[in-house]
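To keep things clear, I will list the structure first and then write my remarks on it.
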Amino acid sequence: MPQPNQIGYAAMSVCQIFSFRKKELLFFSVNSYGLNGMGLQSIELYYQMPKELINEATYICVLNACSHSGLVNEALSIFKTIEIETQRIYTTIIDCLSRALFFEEAQKLMEEFERLHIPALPMYPSATVLLANVDGSSGHIDKASDIKTQLYQSDTKKRIGLAWTVTNRQVYQFRAHDRSHPRSHEIKAELEKIANELIDHGHVFDAILCGHSEKIAIAWNFVVNPHTSKIQVTKNLRVCGDCHRATKLIAAIRQCEIIVSDANRIHHFYTNGQCSCNDYF
Ligand SMILES: [Zn+2]
Ligand SMILES: [Zn+2]
């Protein structure tokens, strides 16, 4: 894997060759690291950026990268150096603290923001709901993410959850509880097989959320290629906590790397049962 400074130099060279603006390319690099859960690399590249190229969007990207990798101290260090802390920057740092279950600190920052500004509605809705619903001392990150997912999906409830995958050079689209596929009986059988394997490995299903489109897309891959070692799925909404827990286990049980690009980030589920997001999503 290339080192961060190599990426930085590569970005500079590409700028020179193709006359891209340095600012845009470095910005995209910081953002890409963040989306791939490479928080430390994103931070390192951010610190290499010339100050004059850094703007609000750069701060948001690097704080999001910290958020997705659970790098709370690093996020707070960066936040303290920001001269003009806009509402979007506050929202991002509060989101970062909430995801990592630092609810007291998140609450303090909300109050600080309200003292300094008159917040426009809806300000930091995810953090507010997380604070309202999860007890900081006993909260569980997956549950917190579920609440956030529900909130996000309540905003987008008119959007149907869809997942796409490619098998044998053909694109397939699935929706939640989809039975329209001509081989849906095989997919259903595979889903049941996967469900039994998950239960054998201690997974407890959330009955309401089970049957999401990405689970169906994953099952379809195993129907077509039972011994596949790599599956790629794209989803239009955020992956839910249940699918995330289940996919980690499926990757380990079936020894198959699974990559899910959702509306928020890219998850690499490895065969050791871990996800590149370290469960911060
Ligand atoms: Zn799900
Ligand atoms: Zn993940």
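Residues in the structure tokens are named by chain (A, B, ... in the order shown) and by number from 1 within that chain; ligands are numbered from 1 in the order shown.
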
Legend entry - Close residues to ligand 2 using only C-alpha atoms and all ligand atoms, limit 8 Å, as a list in words: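 Using only C-alpha atoms and all ligand atoms, everything at most 8 Å from ligand 2 comes to His244, Ile266, His267, His268, Phe269, Cys275, Ser276, Cys277, Asn278, Asp279, Tyr280 and Phe281 of chain A.
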
Legend entry - Protein and nucleic residues near ligand 1, 8 Å, only C-alpha atoms and all ligand atoms, as a list in words: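 For ligand 1, the residues inside 8 Å are Leu209, Cys210, Gly211, His212, Ser213, Glu214, Lys215, Val239, Cys240, Gly241, Asp242, Cys243 and His244 of chain A.
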
Emit the selected residues as a CSV table (one decimal), in the first residue's frame, including N, CA, C and O atoms.
chain,number,residue,atom,x,y,z
A,209,LEU,N,-35.0,-5.3,10.6
A,209,LEU,CA,-34.1,-4.8,9.5
A,209,LEU,C,-33.6,-5.9,8.6
A,209,LEU,O,-33.1,-5.6,7.5
A,210,CYS,N,-33.8,-7.2,9.0
A,210,CYS,CA,-33.3,-8.3,8.2
A,210,CYS,C,-34.0,-8.2,6.8
A,210,CYS,O,-35.2,-7.9,6.7
A,211,GLY,N,-33.3,-8.6,5.8
A,211,GLY,CA,-33.9,-8.7,4.4
A,211,GLY,C,-33.5,-7.4,3.6
A,211,GLY,O,-34.1,-7.2,2.6
A,212,HIS,N,-32.5,-6.7,4.1
A,212,HIS,CA,-32.1,-5.5,3.3
A,212,HIS,C,-31.5,-5.9,2.0
A,212,HIS,O,-30.9,-7.0,1.8
A,213,SER,N,-31.5,-4.9,1.0
A,213,SER,CA,-31.1,-5.2,-0.3
A,213,SER,C,-29.6,-5.8,-0.4
A,213,SER,O,-29.3,-6.6,-1.3
A,214,GLU,N,-28.7,-5.2,0.5
A,214,GLU,CA,-27.3,-5.7,0.3
A,214,GLU,C,-27.2,-7.2,0.7
A,214,GLU,O,-26.3,-7.9,0.2
A,215,LYS,N,-28.0,-7.6,1.7
A,215,LYS,CA,-28.0,-9.0,2.1
A,215,LYS,C,-28.4,-9.9,0.9
A,215,LYS,O,-27.8,-10.9,0.6
A,239,VAL,N,-25.6,1.6,5.1
A,239,VAL,CA,-25.7,0.2,5.6
A,239,VAL,C,-26.2,0.2,7.1
A,239,VAL,O,-25.8,1.1,7.8
A,240,CYS,N,-27.1,-0.7,7.4
A,240,CYS,CA,-27.6,-0.7,8.8
A,240,CYS,C,-26.7,-1.5,9.7
A,240,CYS,O,-25.9,-2.3,9.3
A,241,GLY,N,-26.9,-1.3,11.0
A,241,GLY,CA,-26.1,-2.0,12.0
A,241,GLY,C,-26.2,-3.5,11.9
A,241,GLY,O,-25.2,-4.3,12.0
A,242,ASP,N,-27.4,-4.0,11.6
A,242,ASP,CA,-27.6,-5.5,11.5
A,242,ASP,C,-26.9,-6.0,10.3
A,242,ASP,O,-26.1,-7.0,10.4
A,243,CYS,N,-27.0,-5.4,9.2
A,243,CYS,CA,-26.3,-5.8,7.9
A,243,CYS,C,-24.8,-5.7,8.2
A,243,CYS,O,-24.0,-6.6,7.7
A,244,HIS,N,-24.3,-4.7,8.9
A,244,HIS,CA,-22.9,-4.5,9.1
A,244,HIS,C,-22.4,-5.7,10.0
A,244,HIS,O,-21.3,-6.3,9.6

Which residues, written as an mmCIF file with all heavy atoms, in the first residue's frame, have at least one atom at most 10 Å from range 163-180 of chain A, with only C-alpha atoms counted and residues fewer than 5 positions away on the same chain left out?
data_model
loop_
_atom_site.group_PDB
_atom_site.id
_atom_site.type_symbol
_atom_site.label_atom_id
_atom_site.label_comp_id
_atom_site.auth_asym_id
_atom_site.auth_seq_id
_atom_site.Cartn_x
_atom_site.Cartn_y
_atom_site.Cartn_z
ATOM 1 N N HIS A 185 -36.122 -18.078 -5.740
ATOM 2 C CA HIS A 185 -36.211 -19.208 -4.804
ATOM 3 C C HIS A 185 -34.815 -19.679 -4.388
ATOM 4 O O HIS A 185 -34.596 -20.065 -3.246
ATOM 5 C CB HIS A 185 -37.031 -20.362 -5.414
ATOM 6 C CG HIS A 185 -36.446 -20.910 -6.675
ATOM 7 N ND1 HIS A 185 -36.521 -20.229 -7.881
ATOM 8 C CD2 HIS A 185 -35.747 -22.049 -6.912
ATOM 9 C CE1 HIS A 185 -35.895 -20.950 -8.803
ATOM 10 N NE2 HIS A 185 -35.421 -22.059 -8.241
ATOM 11 N N ILE A 187 -32.176 -17.669 -4.293
ATOM 12 C CA ILE A 187 -31.645 -16.597 -3.431
ATOM 13 C C ILE A 187 -32.202 -16.772 -2.018
ATOM 14 O O ILE A 187 -31.470 -16.667 -1.026
ATOM 15 C CB ILE A 187 -32.006 -15.196 -3.995
ATOM 16 C CG1 ILE A 187 -31.360 -14.996 -5.371
ATOM 17 C CG2 ILE A 187 -31.572 -14.096 -3.040
ATOM 18 C CD1 ILE A 187 -31.802 -13.737 -6.099
ATOM 19 N N LYS A 188 -33.498 -17.088 -1.938
ATOM 20 C CA LYS A 188 -34.147 -17.267 -0.631
ATOM 21 C C LYS A 188 -33.489 -18.432 0.123
ATOM 22 O O LYS A 188 -33.186 -18.324 1.317
ATOM 23 C CB LYS A 188 -35.646 -17.531 -0.842
ATOM 24 C CG LYS A 188 -36.447 -17.529 0.432
ATOM 25 C CD LYS A 188 -37.942 -17.477 0.123
ATOM 26 C CE LYS A 188 -38.767 -17.657 1.384
ATOM 27 N NZ LYS A 188 -38.986 -19.053 1.744
ATOM 28 N N LEU A 209 -35.033 -5.281 10.563
ATOM 29 C CA LEU A 209 -34.112 -4.798 9.547
ATOM 30 C C LEU A 209 -33.638 -5.893 8.595
ATOM 31 O O LEU A 209 -33.103 -5.610 7.546
ATOM 32 C CB LEU A 209 -32.897 -4.145 10.219
ATOM 33 C CG LEU A 209 -33.211 -2.912 11.061
ATOM 34 C CD1 LEU A 209 -31.969 -2.441 11.802
ATOM 35 C CD2 LEU A 209 -33.741 -1.781 10.196
ATOM 36 N N CYS A 210 -33.842 -7.159 8.996
ATOM 37 C CA CYS A 210 -33.348 -8.267 8.179
ATOM 38 C C CYS A 210 -34.021 -8.237 6.794
ATOM 39 O O CYS A 210 -35.181 -7.887 6.676
ATOM 40 C CB CYS A 210 -33.645 -9.580 8.884
ATOM 41 S SG CYS A 210 -32.847 -10.963 8.121
ATOM 42 N N GLY A 211 -33.296 -8.626 5.776
ATOM 43 C CA GLY A 211 -33.880 -8.651 4.430
ATOM 44 C C GLY A 211 -33.524 -7.437 3.603
ATOM 45 O O GLY A 211 -34.132 -7.177 2.568
ATOM 46 N N HIS A 212 -32.534 -6.672 4.056
ATOM 47 C CA HIS A 212 -32.111 -5.501 3.292
ATOM 48 C C HIS A 212 -31.457 -5.906 1.974
ATOM 49 O O HIS A 212 -30.942 -7.013 1.832
ATOM 50 C CB HIS A 212 -31.163 -4.637 4.127
ATOM 51 C CG HIS A 212 -31.908 -3.743 5.071
ATOM 52 N ND1 HIS A 212 -31.310 -3.105 6.121
ATOM 53 C CD2 HIS A 212 -33.208 -3.396 5.103
ATOM 54 C CE1 HIS A 212 -32.216 -2.386 6.763
ATOM 55 N NE2 HIS A 212 -33.375 -2.549 6.170
ATOM 56 N N SER A 213 -31.486 -4.944 1.044
ATOM 57 C CA SER A 213 -31.068 -5.241 -0.325
ATOM 58 C C SER A 213 -29.633 -5.751 -0.423
ATOM 59 O O SER A 213 -29.331 -6.593 -1.264
ATOM 60 C CB SER A 213 -31.245 -3.995 -1.187
ATOM 61 O OG SER A 213 -30.562 -2.906 -0.615
ATOM 62 N N GLU A 214 -28.733 -5.250 0.457
ATOM 63 C CA GLU A 214 -27.334 -5.690 0.324
ATOM 64 C C GLU A 214 -27.172 -7.158 0.717
ATOM 65 O O GLU A 214 -26.342 -7.872 0.168
ATOM 66 C CB GLU A 214 -26.367 -4.796 1.112
ATOM 67 C CG GLU A 214 -26.577 -4.746 2.607
ATOM 68 C CD GLU A 214 -27.519 -3.626 3.006
ATOM 69 O OE1 GLU A 214 -28.558 -3.460 2.333
ATOM 70 O OE2 GLU A 214 -27.227 -2.936 3.999
ATOM 71 N N LYS A 215 -28.013 -7.616 1.682
ATOM 72 C CA LYS A 215 -27.953 -9.037 2.065
ATOM 73 C C LYS A 215 -28.368 -9.902 0.868
ATOM 74 O O LYS A 215 -27.776 -10.948 0.602
ATOM 75 C CB LYS A 215 -28.901 -9.315 3.239
ATOM 76 C CG LYS A 215 -28.337 -8.924 4.603
ATOM 77 C CD LYS A 215 -29.065 -9.690 5.713
ATOM 78 C CE LYS A 215 -28.609 -9.252 7.091
ATOM 79 N NZ LYS A 215 -29.490 -8.248 7.706
ATOM 80 N N ILE A 216 -29.398 -9.443 0.149
ATOM 81 C CA ILE A 216 -29.885 -10.197 -1.016
ATOM 82 C C ILE A 216 -28.815 -10.211 -2.112
ATOM 83 O O ILE A 216 -28.559 -11.250 -2.730
ATOM 84 C CB ILE A 216 -31.216 -9.594 -1.530
ATOM 85 C CG1 ILE A 216 -32.267 -9.652 -0.409
ATOM 86 C CG2 ILE A 216 -31.715 -10.328 -2.771
ATOM 87 C CD1 ILE A 216 -33.543 -8.909 -0.705
ATOM 88 N N ALA A 217 -28.167 -9.058 -2.306
ATOM 89 C CA ALA A 217 -27.118 -8.972 -3.332
ATOM 90 C C ALA A 217 -25.956 -9.907 -2.986
ATOM 91 O O ALA A 217 -25.379 -10.557 -3.864
ATOM 92 C CB ALA A 217 -26.634 -7.527 -3.455
ATOM 93 N N ILE A 218 -25.620 -9.979 -1.699
ATOM 94 C CA ILE A 218 -24.529 -10.869 -1.265
ATOM 95 C C ILE A 218 -24.941 -12.332 -1.498
ATOM 96 O O ILE A 218 -24.177 -13.134 -2.042
ATOM 97 C CB ILE A 218 -24.170 -10.601 0.219
ATOM 98 C CG1 ILE A 218 -23.475 -9.232 0.349
ATOM 99 C CG2 ILE A 218 -23.275 -11.711 0.788
ATOM 100 C CD1 ILE A 218 -23.326 -8.720 1.770
ATOM 101 N N TRP A 220 -27.039 -13.472 -3.641
ATOM 102 C CA TRP A 220 -27.045 -13.729 -5.090
ATOM 103 C C TRP A 220 -25.645 -14.100 -5.587
ATOM 104 O O TRP A 220 -25.467 -15.012 -6.395
ATOM 105 C CB TRP A 220 -27.588 -12.503 -5.838
ATOM 106 C CG TRP A 220 -27.370 -12.554 -7.323
ATOM 107 C CD1 TRP A 220 -26.613 -11.713 -8.070
ATOM 108 C CD2 TRP A 220 -27.910 -13.521 -8.243
ATOM 109 N NE1 TRP A 220 -26.634 -12.076 -9.383
ATOM 110 C CE2 TRP A 220 -27.428 -13.192 -9.524
ATOM 111 C CE3 TRP A 220 -28.741 -14.624 -8.100
ATOM 112 C CZ2 TRP A 220 -27.750 -13.920 -10.658
ATOM 113 C CZ3 TRP A 220 -29.064 -15.363 -9.230
ATOM 114 C CH2 TRP A 220 -28.577 -15.006 -10.494
ATOM 115 N N ASN A 221 -24.629 -13.405 -5.078
ATOM 116 C CA ASN A 221 -23.253 -13.726 -5.460
ATOM 117 C C ASN A 221 -22.913 -15.173 -5.115
ATOM 118 O O ASN A 221 -22.265 -15.861 -5.903
ATOM 119 C CB ASN A 221 -22.268 -12.789 -4.753
ATOM 120 C CG ASN A 221 -22.038 -11.504 -5.524
ATOM 121 O OD1 ASN A 221 -21.143 -11.431 -6.352
ATOM 122 N ND2 ASN A 221 -22.868 -10.501 -5.269
ATOM 123 N N PHE A 222 -23.367 -15.628 -3.933
ATOM 124 C CA PHE A 222 -23.065 -17.008 -3.529
ATOM 125 C C PHE A 222 -23.889 -18.023 -4.331
ATOM 126 O O PHE A 222 -23.455 -19.157 -4.520
ATOM 127 C CB PHE A 222 -23.276 -17.199 -2.024
ATOM 128 C CG PHE A 222 -22.201 -16.565 -1.186
ATOM 129 C CD1 PHE A 222 -22.499 -15.562 -0.279
ATOM 130 C CD2 PHE A 222 -20.871 -16.972 -1.313
ATOM 131 C CE1 PHE A 222 -21.508 -14.975 0.491
ATOM 132 C CE2 PHE A 222 -19.866 -16.388 -0.545
ATOM 133 C CZ PHE A 222 -20.188 -15.387 0.364
ATOM 134 N N VAL A 224 -24.588 -17.643 -7.535
ATOM 135 C CA VAL A 224 -23.924 -17.738 -8.840
ATOM 136 C C VAL A 224 -22.537 -18.374 -8.713
ATOM 137 O O VAL A 224 -22.150 -19.214 -9.524
ATOM 138 C CB VAL A 224 -23.814 -16.332 -9.489
ATOM 139 C CG1 VAL A 224 -23.130 -16.412 -10.845
ATOM 140 C CG2 VAL A 224 -25.194 -15.715 -9.636
ATOM 141 N N ASN A 225 -21.781 -17.925 -7.700
ATOM 142 C CA ASN A 225 -20.416 -18.434 -7.488
ATOM 143 C C ASN A 225 -20.263 -18.883 -6.035
ATOM 144 O O ASN A 225 -19.806 -18.111 -5.195
ATOM 145 C CB ASN A 225 -19.374 -17.334 -7.775
ATOM 146 C CG ASN A 225 -19.457 -16.815 -9.188
ATOM 147 O OD1 ASN A 225 -19.436 -17.587 -10.134
ATOM 148 N ND2 ASN A 225 -19.571 -15.499 -9.326
ATOM 149 N N ILE A 231 -16.665 -10.195 -3.204
ATOM 150 C CA ILE A 231 -17.994 -9.705 -3.596
ATOM 151 C C ILE A 231 -17.987 -8.186 -3.473
ATOM 152 O O ILE A 231 -17.473 -7.641 -2.496
ATOM 153 C CB ILE A 231 -19.086 -10.307 -2.670
ATOM 154 C CG1 ILE A 231 -19.238 -11.808 -2.928
ATOM 155 C CG2 ILE A 231 -20.430 -9.583 -2.850
ATOM 156 C CD1 ILE A 231 -20.185 -12.518 -1.977
ATOM 157 N N GLN A 232 -18.566 -7.524 -4.473
ATOM 158 C CA GLN A 232 -18.676 -6.068 -4.396
ATOM 159 C C GLN A 232 -20.132 -5.654 -4.545
ATOM 160 O O GLN A 232 -20.820 -6.110 -5.466
ATOM 161 C CB GLN A 232 -17.838 -5.419 -5.490
ATOM 162 C CG GLN A 232 -16.387 -5.259 -5.060
ATOM 163 C CD GLN A 232 -15.583 -4.499 -6.076
ATOM 164 O OE1 GLN A 232 -15.110 -5.097 -7.042
ATOM 165 N NE2 GLN A 232 -15.424 -3.208 -5.877
ATOM 166 N N VAL A 233 -20.581 -4.807 -3.631
ATOM 167 C CA VAL A 233 -21.974 -4.353 -3.640
ATOM 168 C C VAL A 233 -21.988 -2.836 -3.477
ATOM 169 O O VAL A 233 -21.205 -2.283 -2.708
ATOM 170 C CB VAL A 233 -22.777 -5.009 -2.481
ATOM 171 C CG1 VAL A 233 -24.188 -4.447 -2.409
ATOM 172 C CG2 VAL A 233 -22.820 -6.524 -2.634
ATOM 173 N N THR A 234 -22.875 -2.189 -4.209
ATOM 174 C CA THR A 234 -23.080 -0.745 -4.041
ATOM 175 C C THR A 234 -24.501 -0.528 -3.562
ATOM 176 O O THR A 234 -25.424 -1.167 -4.061
ATOM 177 C CB THR A 234 -22.858 -0.013 -5.384
ATOM 178 O OG1 THR A 234 -21.544 -0.299 -5.825
ATOM 179 C CG2 THR A 234 -23.039 1.489 -5.236
ATOM 180 N N LYS A 235 -24.669 0.332 -2.577
ATOM 181 C CA LYS A 235 -25.995 0.560 -1.999
ATOM 182 C C LYS A 235 -26.282 2.056 -1.984
ATOM 183 O O LYS A 235 -25.372 2.853 -1.762
ATOM 184 C CB LYS A 235 -25.991 -0.015 -0.574
ATOM 185 C CG LYS A 235 -27.344 0.019 0.095
ATOM 186 C CD LYS A 235 -27.257 -0.571 1.496
ATOM 187 C CE LYS A 235 -28.409 -0.077 2.348
ATOM 188 N NZ LYS A 235 -29.659 -0.734 2.153
ATOM 189 N N ASN A 236 -27.552 2.415 -2.206
ATOM 190 C CA ASN A 236 -27.866 3.847 -2.297
ATOM 191 C C ASN A 236 -28.102 4.495 -0.934
ATOM 192 O O ASN A 236 -28.107 5.709 -0.824
ATOM 193 C CB ASN A 236 -29.084 4.077 -3.207
ATOM 194 C CG ASN A 236 -30.353 3.473 -2.647
ATOM 195 O OD1 ASN A 236 -30.305 2.542 -1.841
ATOM 196 N ND2 ASN A 236 -31.490 3.997 -3.056
ATOM 197 N N LEU A 237 -28.333 3.689 0.118
ATOM 198 C CA LEU A 237 -28.515 4.250 1.459
ATOM 199 C C LEU A 237 -27.368 3.774 2.351
ATOM 200 O O LEU A 237 -26.535 2.993 1.924
ATOM 201 C CB LEU A 237 -29.852 3.786 2.059
ATOM 202 C CG LEU A 237 -31.126 4.116 1.274
ATOM 203 C CD1 LEU A 237 -32.335 3.485 1.955
ATOM 204 C CD2 LEU A 237 -31.316 5.612 1.141
ATOM 205 N N VAL A 260 -18.594 -3.172 0.431
ATOM 206 C CA VAL A 260 -19.904 -2.525 0.291
ATOM 207 C C VAL A 260 -19.697 -1.011 0.261
ATOM 208 O O VAL A 260 -19.212 -0.430 1.230
ATOM 209 C CB VAL A 260 -20.856 -2.909 1.452
ATOM 210 C CG1 VAL A 260 -22.194 -2.183 1.305
ATOM 211 C CG2 VAL A 260 -21.087 -4.419 1.502
ATOM 212 N N SER A 261 -20.054 -0.388 -0.861
ATOM 213 C CA SER A 261 -20.030 1.081 -0.933
ATOM 214 C C SER A 261 -21.432 1.552 -0.604
ATOM 215 O O SER A 261 -22.365 1.255 -1.346
ATOM 216 C CB SER A 261 -19.684 1.553 -2.342
ATOM 217 O OG SER A 261 -18.535 0.909 -2.800
ATOM 218 N N ASP A 262 -21.597 2.248 0.516
ATOM 219 C CA ASP A 262 -22.933 2.761 0.823
ATOM 220 C C ASP A 262 -22.968 4.266 0.592
ATOM 221 O O ASP A 262 -22.021 4.836 0.048
ATOM 222 C CB ASP A 262 -23.388 2.333 2.229
ATOM 223 C CG ASP A 262 -22.681 3.062 3.357
ATOM 224 O OD1 ASP A 262 -21.900 3.996 3.069
ATOM 225 O OD2 ASP A 262 -22.925 2.706 4.517
#

Legend entry - Length of the CA of Asn264 in chain A to CA of Ile93 in chain A vector [Å]: 16.3 Å

Legend entry - Polymer residues at most 12 Å from range 66-70 of chain A, only C-alpha atoms, same-chain spacing of 4 or more positions, as a PyMOL selection string: chain A and resi 30-44+46+59-62+74-79+91-102+141+145+264-267+275-281

Legend entry - Which of A:Glu104, A:Tyr47, A:Asn196, A:Asp206 sits closest to Thr81 in chain A [using only C-alpha atoms]: A:Tyr47

Inset, instruction - Could you check how far CA of Ile259 in chain A sits from CA of Asn73 in chain A, in Å to one decimal? - result: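 Taking CA of Ile259 in chain A and CA of Asn73 in chain A, their separation equals 28.2 Å.
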